[in-house]
>>> print(open('coords23.cif').read())   # mmCIF, C-alpha atoms
data_start
loop_
_atom_site.label_atom_id
_atom_site.label_comp_id
_atom_site.auth_asym_id
_atom_site.auth_seq_id
_atom_site.Cartn_x
_atom_site.Cartn_y
_atom_site.Cartn_z
CA CYS D 1 -2.38 1.51 8.67
CA VAL D 2 0.02 4.19 9.87
CA ALA D 3 2.63 1.59 10.83
CA THR D 4 2.38 0.09 7.34
CA GLU D 5 2.94 3.48 5.72
CA GLY D 6 5.84 4.18 8.06
CA ILE D 7 7.58 0.90 7.23
CA LEU D 8 7.10 1.55 3.51
CA GLU D 9 9.15 4.75 3.93
CA ASP D 10 12.21 2.58 4.63
CA PRO D 11 14.93 2.88 1.95
CA LEU D 12 14.29 -0.75 0.96
CA PHE D 13 10.80 0.16 -0.24
CA LYS D 14 11.39 3.76 -1.41
CA PRO D 15 11.95 2.96 -5.12
CA LEU D 16 8.97 0.62 -5.49
CA GLY D 17 6.00 1.65 -7.59
CA LYS D 18 7.53 4.84 -8.96
CA PRO D 19 5.91 6.08 -12.16
CA LYS D 20 7.89 5.28 -15.32
CA SER D 21 9.40 8.22 -17.22
CA SER D 22 6.83 7.81 -20.01
CA LEU D 23 4.03 8.19 -17.47
CA LEU D 24 5.76 11.17 -15.88
CA GLY D 25 5.76 12.85 -19.29
CA LEU D 26 2.03 12.29 -19.62
CA ILE D 27 1.47 13.58 -16.09
CA LYS D 28 3.43 16.72 -16.99
CA ASP D 29 1.17 17.18 -20.03
CA LEU D 30 -1.89 16.74 -17.82
CA PHE D 31 -0.59 19.35 -15.37
CA ASN D 32 0.00 21.79 -18.24
CA TRP D 33 -3.51 21.17 -19.55
CA VAL D 34 -5.05 21.79 -16.09
CA LYS D 35 -2.99 25.00 -15.71
CA LYS D 36 -4.67 26.29 -18.89
CA ALA D 37 -8.18 25.02 -18.10
CA PRO D 38 -10.87 27.68 -18.59
CA VAL D 39 -12.02 27.66 -14.97
CA GLU D 40 -11.43 29.84 -11.91
CA GLU D 41 -7.85 30.03 -10.68
CA SER D 42 -8.82 28.63 -7.27
CA LEU D 43 -10.28 25.52 -8.92
CA ARG D 44 -7.15 25.06 -11.07
CA GLN D 45 -4.97 25.29 -7.96
CA ARG D 46 -7.15 22.80 -6.12
CA ALA D 47 -6.96 20.36 -9.03
CA LEU D 48 -3.17 20.72 -9.27
CA SER D 49 -2.86 20.14 -5.54
CA ALA D 50 -5.02 17.01 -5.73
CA MET D 51 -2.93 15.71 -8.63
CA GLY D 52 0.39 16.30 -6.90
CA SER D 53 0.84 12.75 -5.66
CA MET D 54 0.69 11.44 -9.23
CA LYS D 55 4.35 12.38 -9.67
CA SER D 56 5.60 10.09 -6.92
CA ASN D 57 4.96 6.67 -5.45
CA ARG D 58 2.40 6.40 -2.70
CA ALA D 59 2.24 3.67 -0.08
CA VAL D 60 -0.39 1.83 -2.13
CA ASP D 61 1.83 1.97 -5.25
CA LYS D 62 4.62 0.33 -3.27
CA MET D 63 2.20 -2.33 -2.03
CA TYR D 64 1.06 -3.15 -5.57
CA ALA D 65 4.71 -3.56 -6.61
CA LEU D 66 5.24 -5.89 -3.63
CA ALA D 67 2.11 -7.88 -4.53
CA LYS D 68 3.28 -8.21 -8.14
CA ALA D 69 6.54 -9.70 -6.80
CA GLY D 70 4.61 -12.12 -4.56
CA ALA D 71 5.95 -10.52 -1.38
CA ILE D 72 2.46 -9.63 -0.11
CA ASP D 73 -1.08 -10.52 -1.20
CA GLU D 74 -3.64 -8.36 -3.00
CA GLY D 75 -5.93 -9.11 -0.05
CA ASP D 76 -3.42 -7.33 2.20
CA ILE D 77 -3.86 -4.20 0.10
CA ALA D 78 -7.64 -4.53 0.19
CA SER D 79 -7.60 -4.72 3.99
CA TRP D 80 -5.29 -1.72 4.22
CA LYS D 81 -7.62 0.26 1.95
CA PHE D 82 -10.68 -0.88 3.92
CA LEU D 83 -9.22 0.48 7.17
CA ARG D 84 -6.93 3.30 6.07
CA ASN D 85 -9.23 6.18 5.17
CA PRO D 86 -11.77 5.73 7.98
CA SER D 87 -9.02 5.41 10.58
CA ALA D 88 -6.96 8.30 9.16
CA HIS D 89 -9.87 10.68 8.70
CA GLY D 90 -11.85 10.07 11.87
CA SER D 91 -14.82 8.21 10.42
CA PHE D 92 -13.85 4.79 11.82
CA GLU D 93 -16.80 3.09 13.53
CA VAL D 94 -17.14 -0.40 14.89
CA GLN D 95 -20.42 -1.97 13.81
CA ALA D 96 -21.42 -4.91 15.98
CA ASP D 97 -22.84 -6.88 13.04
CA LYS D 98 -19.55 -6.48 11.11
CA LEU D 99 -17.12 -7.12 13.96
CA GLN D 100 -15.72 -10.33 12.46
CA GLU D 101 -15.08 -8.61 9.12
CA LEU D 102 -13.25 -5.81 10.96
CA LEU D 103 -11.15 -8.30 12.93
CA ASP D 104 -10.30 -10.19 9.72
CA HIS D 105 -8.98 -6.96 8.18
CA ILE D 106 -7.02 -6.06 11.31
CA TYR D 107 -5.41 -9.50 11.51
CA ARG D 108 -4.52 -9.29 7.82
CA LEU D 109 -2.84 -5.93 8.44
CA ILE D 110 -0.82 -7.43 11.27
CA THR D 111 0.35 -10.12 8.86
CA LEU D 112 1.15 -7.48 6.23
CA ILE D 113 3.37 -5.68 8.73
CA TYR D 114 5.10 -8.98 9.52
CA LYS D 115 5.78 -9.56 5.82
CA LEU D 116 7.27 -6.08 5.41
CA VAL D 117 9.51 -6.64 8.42
CA PHE D 118 10.47 -10.08 7.09
CA LEU D 119 11.65 -8.39 3.89
CA LYS D 120 13.62 -5.82 5.85
CA ILE D 121 15.41 -8.37 8.03
CA GLY D 122 15.74 -11.07 5.34
CA TYR D 123 13.69 -13.65 7.24
CA THR D 124 13.22 -17.17 5.95
CA GLY D 125 10.99 -19.53 7.86
CA LYS D 126 7.58 -20.13 9.33
CA TYR D 127 5.17 -17.58 10.74
CA SER D 128 1.64 -17.57 12.13
CA ASP D 129 -0.53 -16.39 9.26
CA TYR D 130 -3.16 -14.25 10.94
CA SER D 131 -4.63 -13.37 7.54
CA ARG D 132 -6.13 -16.86 7.28
CA ARG D 133 -8.86 -18.34 9.41
CA GLY D 134 -7.35 -20.76 11.91
CA TRP D 135 -4.04 -18.85 11.92
CA SER D 136 -2.13 -21.66 10.25
CA LEU D 137 1.62 -21.68 9.84
CA SER D 138 2.93 -20.38 6.53
CA ASP D 139 6.40 -20.07 5.07
CA TYR D 140 8.12 -16.87 4.03
CA ASP D 141 11.29 -16.57 2.00
CA ALA D 142 12.37 -12.94 2.05
CA PRO D 143 15.60 -13.42 0.05
CA ALA D 144 13.62 -15.01 -2.81
CA ARG D 145 11.01 -12.23 -2.71
CA LEU D 146 13.74 -9.58 -2.64
CA LYS D 147 15.33 -11.07 -5.76
CA THR D 148 11.98 -10.86 -7.53
CA ILE D 149 11.42 -7.30 -6.31
CA GLN D 150 14.86 -6.28 -7.52
CA GLY D 151 14.28 -8.00 -10.88
CA ARG D 152 16.77 -10.83 -10.49
CA ALA D 153 14.41 -13.80 -10.38
#
>>> encode(input="coords23.cif", output="structure tokens")
Amino acid sequence: CVATEGILEDPLFKPLGKPKSSLLGLIKDLFNWVKKAPVEESLRQRALSAMGSMKSNRAVDKMYALAKAGAIDEGDIASWKFLRNPSAHGSFEVQADKLQELLDHIYRLITLIYKLVFLKIGYTGKYSDYSRRGWSLSDYDAPARLKTIQGRA
């Protein structure tokens, strides 16, 4: 999960999933409303702090933009979400009866990292798709995906 977030900080991915200016205006209005909310100052500050990430693009926003362009799958995002918070916040536990589900998510994350690297290096060709049972070969065409991402397809 951390490797995925690190790769998404690359300049190639930086602009993806940024809020549109119209949404930024609404977010500004929301911030102004919260600043005037009739509650304790400490609660207002906590709410403003929690809302801070709304102004920028998070790793998951970048992933949704990549999925929309066909560069990754929505299932990749679901696996990242499944593992991210428990692993980042110390509540990750391996349950014996759910070991296969855990492994499926981990293998999907490995494939997600491959796809991000493929985009970065412009890879076209076959790869072992660990996100699918049987680990079949799949094709990836980074230049085509990059054109879609950059709005030229």
>>> atom_distance(input="coords23.cif", atom1="CA of Ala65 in chain D", atom2="CA of Thr4 in chain D")
14.6 Å
>>> atom_distance(input="coords23.cif", atom1="CA of Lys120 in chain D", atom2="CA of Leu8 in chain D")
10.1 Å
>>> axis_aligned_box(input="coords23.cif", around="range 34-39 of chain D", padding_each_side="8 Å", output="AutoDock Vina command-line options")
--center_x -7.5 --center_y 24.7 --center_z -16.9 --size_x 25.0 --size_y 21.9 --size_z 19.9
>>> resolve_selection(input="coords23.cif", expression="the PyMOL selection byres ((chain D and resi 3) around 12)", output="ChimeraX atom specification")
/D:1-2,4-10,59,80,84,88,109-110,112-114,116-117
>>> write_last_selection(input="coords23.cif", atoms="C-alpha atoms", output="PDB file, in the coordinates of the input")
ATOM      1  CA  CYS D   1      -2.380   1.510   8.670  1.00  0.00           C
ATOM      2  CA  VAL D   2       0.020   4.190   9.870  1.00  0.00           C
ATOM      3  CA  THR D   4       2.380   0.090   7.340  1.00  0.00           C
ATOM      4  CA  GLU D   5       2.940   3.480   5.720  1.00  0.00           C
ATOM      5  CA  GLY D   6       5.840   4.180   8.060  1.00  0.00           C
ATOM      6  CA  ILE D   7       7.580   0.900   7.230  1.00  0.00           C
ATOM      7  CA  LEU D   8       7.100   1.550   3.510  1.00  0.00           C
ATOM      8  CA  GLU D   9       9.150   4.750   3.930  1.00  0.00           C
ATOM      9  CA  ASP D  10      12.210   2.580   4.630  1.00  0.00           C
ATOM     10  CA  ALA D  59       2.240   3.670  -0.080  1.00  0.00           C
ATOM     11  CA  TRP D  80      -5.290  -1.720   4.220  1.00  0.00           C
ATOM     12  CA  ARG D  84      -6.930   3.300   6.070  1.00  0.00           C
ATOM     13  CA  ALA D  88      -6.960   8.300   9.160  1.00  0.00           C
ATOM     14  CA  LEU D 109      -2.840  -5.930   8.440  1.00  0.00           C
ATOM     15  CA  ILE D 110      -0.820  -7.430  11.270  1.00  0.00           C
ATOM     16  CA  LEU D 112       1.150  -7.480   6.230  1.00  0.00           C
ATOM     17  CA  ILE D 113       3.370  -5.680   8.730  1.00  0.00           C
ATOM     18  CA  TYR D 114       5.100  -8.980   9.520  1.00  0.00           C
ATOM     19  CA  LEU D 116       7.270  -6.080   5.410  1.00  0.00           C
ATOM     20  CA  VAL D 117       9.510  -6.640   8.420  1.00  0.00           C
TER      21      VAL D 117
END
>>> residues_around(input="coords23.cif", residues="range 14-23 of chain D", least_positions_apart="6", cutoff="9 Å", atoms="all atoms listed in the file", output="list in words")
Leu8, Met54, Lys55, Ser56, Asn57, Arg58, Ala59, Val60, Asp61, Lys62, Met63, Tyr64, Ala65, Leu66 and Ile149 of chain D
>>> resolve_selection(input="coords23.cif", expression="the PyMOL selection byres ((chain D and resi 144) around 12)", output="PDB file with C-alpha atoms, in the coordinates of the input")
ATOM      1  CA  ALA D  69       6.540  -9.700  -6.800  1.00  0.00           C
ATOM      2  CA  GLY D  70       4.610 -12.120  -4.560  1.00  0.00           C
ATOM      3  CA  ALA D  71       5.950 -10.520  -1.380  1.00  0.00           C
ATOM      4  CA  PHE D 118      10.470 -10.080   7.090  1.00  0.00           C
ATOM      5  CA  LEU D 119      11.650  -8.390   3.890  1.00  0.00           C
ATOM      6  CA  GLY D 122      15.740 -11.070   5.340  1.00  0.00           C
ATOM      7  CA  TYR D 123      13.690 -13.650   7.240  1.00  0.00           C
ATOM      8  CA  THR D 124      13.220 -17.170   5.950  1.00  0.00           C
ATOM      9  CA  GLY D 125      10.990 -19.530   7.860  1.00  0.00           C
ATOM     10  CA  ASP D 139       6.400 -20.070   5.070  1.00  0.00           C
ATOM     11  CA  TYR D 140       8.120 -16.870   4.030  1.00  0.00           C
ATOM     12  CA  ASP D 141      11.290 -16.570   2.000  1.00  0.00           C
ATOM     13  CA  ALA D 142      12.370 -12.940   2.050  1.00  0.00           C
ATOM     14  CA  PRO D 143      15.600 -13.420   0.050  1.00  0.00           C
ATOM     15  CA  ARG D 145      11.010 -12.230  -2.710  1.00  0.00           C
ATOM     16  CA  LEU D 146      13.740  -9.580  -2.640  1.00  0.00           C
ATOM     17  CA  LYS D 147      15.330 -11.070  -5.760  1.00  0.00           C
ATOM     18  CA  THR D 148      11.980 -10.860  -7.530  1.00  0.00           C
ATOM     19  CA  ILE D 149      11.420  -7.300  -6.310  1.00  0.00           C
ATOM     20  CA  GLN D 150      14.860  -6.280  -7.520  1.00  0.00           C
ATOM     21  CA  GLY D 151      14.280  -8.000 -10.880  1.00  0.00           C
ATOM     22  CA  ARG D 152      16.770 -10.830 -10.490  1.00  0.00           C
ATOM     23  CA  ALA D 153      14.410 -13.800 -10.380  1.00  0.00           C
TER      24      ALA D 153
END
>>> closest_residue(input="coords23.cif", among="D:Met51, D:Phe82, D:Glu41, D:Leu102", to="Lys28 in chain D", atoms="only C-alpha atoms")
D:Met51
>>> residues_around(input="coords23.cif", residues="range 126-134 of chain D", least_positions_apart="5", cutoff="6 Å", atoms="only C-alpha atoms", output="ChimeraX atom specification")
/D:107-108,111,139
>>> closest_residue(input="coords23.cif", among="D:Ile121, D:Ala37, D:Ile106, D:Ile27", to="Asp76 in chain D", atoms="all atoms listed in the file")
D:Ile106
>>> atom_distance(input="coords23.cif", atom1="CA of Gly25 in chain D", atom2="CA of Glu74 in chain D")
28.3 Å
>>> decode(input="coords23.cif", residues="range 16-118 of chain D", atoms="C-alpha atoms", output="short mmCIF file (atom, residue, chain, number, x, y, z; two decimals), in the first residue's frame")
data_model
loop_
_atom_site.label_atom_id
_atom_site.label_comp_id
_atom_site.auth_asym_id
_atom_site.auth_seq_id
_atom_site.Cartn_x
_atom_site.Cartn_y
_atom_site.Cartn_z
CA LEU D 16 -4.49 13.03 -11.82
CA GLY D 17 -7.75 13.28 -9.91
CA LYS D 18 -7.39 16.91 -8.91
CA PRO D 19 -10.66 18.59 -7.99
CA LYS D 20 -12.10 20.82 -10.74
CA SER D 21 -12.20 24.57 -10.06
CA SER D 22 -16.00 24.45 -9.67
CA LEU D 23 -15.61 21.85 -6.92
CA LEU D 24 -12.83 23.86 -5.28
CA GLY D 25 -15.24 26.80 -5.09
CA LEU D 26 -17.82 24.64 -3.35
CA ILE D 27 -15.16 23.29 -0.99
CA LYS D 28 -14.19 26.87 -0.12
CA ASP D 29 -17.85 27.62 0.64
CA LEU D 30 -18.01 24.53 2.84
CA PHE D 31 -14.89 25.60 4.73
CA ASN D 32 -16.38 29.06 5.29
CA TRP D 33 -19.61 27.50 6.55
CA VAL D 34 -17.71 25.23 9.00
CA LYS D 35 -15.65 28.22 10.23
CA LYS D 36 -18.94 29.90 11.23
CA ALA D 37 -20.62 26.79 12.66
CA PRO D 38 -22.18 27.37 16.09
CA VAL D 39 -20.02 24.80 17.88
CA GLU D 40 -16.91 24.89 20.06
CA GLU D 41 -13.78 26.25 18.41
CA SER D 42 -11.91 22.98 19.01
CA LEU D 43 -14.59 21.06 17.09
CA ARG D 44 -14.48 23.57 14.21
CA GLN D 45 -10.70 23.20 14.01
CA ARG D 46 -10.96 19.42 14.05
CA ALA D 47 -13.54 19.48 11.25
CA LEU D 48 -11.41 21.85 9.16
CA SER D 49 -8.39 19.62 9.67
CA ALA D 50 -10.34 16.53 8.62
CA MET D 51 -11.59 18.34 5.52
CA GLY D 52 -8.15 19.56 4.47
CA SER D 53 -7.49 16.79 1.97
CA MET D 54 -10.59 17.77 0.00
CA LYS D 55 -8.60 20.57 -1.66
CA SER D 56 -6.07 18.24 -3.25
CA ASN D 57 -5.87 14.87 -4.93
CA ARG D 58 -5.28 11.85 -2.75
CA ALA D 59 -3.77 8.56 -3.87
CA VAL D 60 -7.25 7.08 -4.26
CA ASP D 61 -8.35 10.02 -6.45
CA LYS D 62 -5.39 9.35 -8.74
CA MET D 63 -6.30 5.66 -8.85
CA TYR D 64 -9.90 6.43 -9.86
CA ALA D 65 -8.60 8.64 -12.67
CA LEU D 66 -6.33 5.79 -13.80
CA ALA D 67 -9.23 3.31 -13.65
CA LYS D 68 -11.42 5.66 -15.70
CA ALA D 69 -8.67 5.68 -18.36
CA GLY D 70 -8.45 1.87 -18.29
CA ALA D 71 -4.90 1.91 -16.95
CA ILE D 72 -5.84 -0.03 -13.80
CA ASP D 73 -8.96 -1.90 -12.65
CA GLU D 74 -11.54 -0.86 -10.07
CA GLY D 75 -10.72 -4.15 -8.33
CA ASP D 76 -7.16 -2.88 -7.85
CA ILE D 77 -8.55 0.08 -5.92
CA ALA D 78 -10.80 -2.18 -3.85
CA SER D 79 -7.82 -4.33 -2.86
CA TRP D 80 -5.76 -1.27 -1.98
CA LYS D 81 -8.61 0.02 0.20
CA PHE D 82 -9.07 -3.40 1.80
CA LEU D 83 -5.43 -3.49 2.92
CA ARG D 84 -4.46 0.17 3.27
CA ASN D 85 -6.07 1.33 6.51
CA PRO D 86 -5.46 -1.83 8.57
CA SER D 87 -1.82 -1.98 7.47
CA ALA D 88 -1.24 1.77 7.91
CA HIS D 89 -2.94 2.04 11.29
CA GLY D 90 -1.74 -1.11 13.00
CA SER D 91 -4.95 -3.13 12.98
CA PHE D 92 -3.84 -5.61 10.31
CA GLU D 93 -4.53 -9.20 11.35
CA VAL D 94 -4.24 -12.41 9.41
CA GLN D 95 -7.30 -14.59 9.91
CA ALA D 96 -6.68 -18.21 9.00
CA ASP D 97 -10.15 -18.68 7.51
CA LYS D 98 -9.64 -15.64 5.23
CA LEU D 99 -6.06 -16.30 4.16
CA GLN D 100 -6.93 -16.86 0.50
CA GLU D 101 -8.88 -13.60 0.36
CA LEU D 102 -5.89 -11.78 1.88
CA LEU D 103 -3.51 -13.37 -0.63
CA ASP D 104 -5.82 -12.43 -3.51
CA HIS D 105 -5.72 -8.79 -2.40
CA ILE D 106 -1.94 -8.84 -1.96
CA TYR D 107 -1.39 -10.36 -5.41
CA ARG D 108 -3.72 -7.76 -6.92
CA LEU D 109 -1.67 -5.00 -5.26
CA ILE D 110 1.50 -6.45 -6.73
CA THR D 111 -0.13 -6.29 -10.15
CA LEU D 112 -1.29 -2.72 -9.49
CA ILE D 113 2.30 -1.72 -8.75
CA TYR D 114 3.41 -3.39 -11.98
CA LYS D 115 0.81 -1.42 -13.95
CA LEU D 116 1.96 1.87 -12.41
CA VAL D 117 5.56 1.06 -13.26
CA PHE D 118 4.52 0.03 -16.78
#
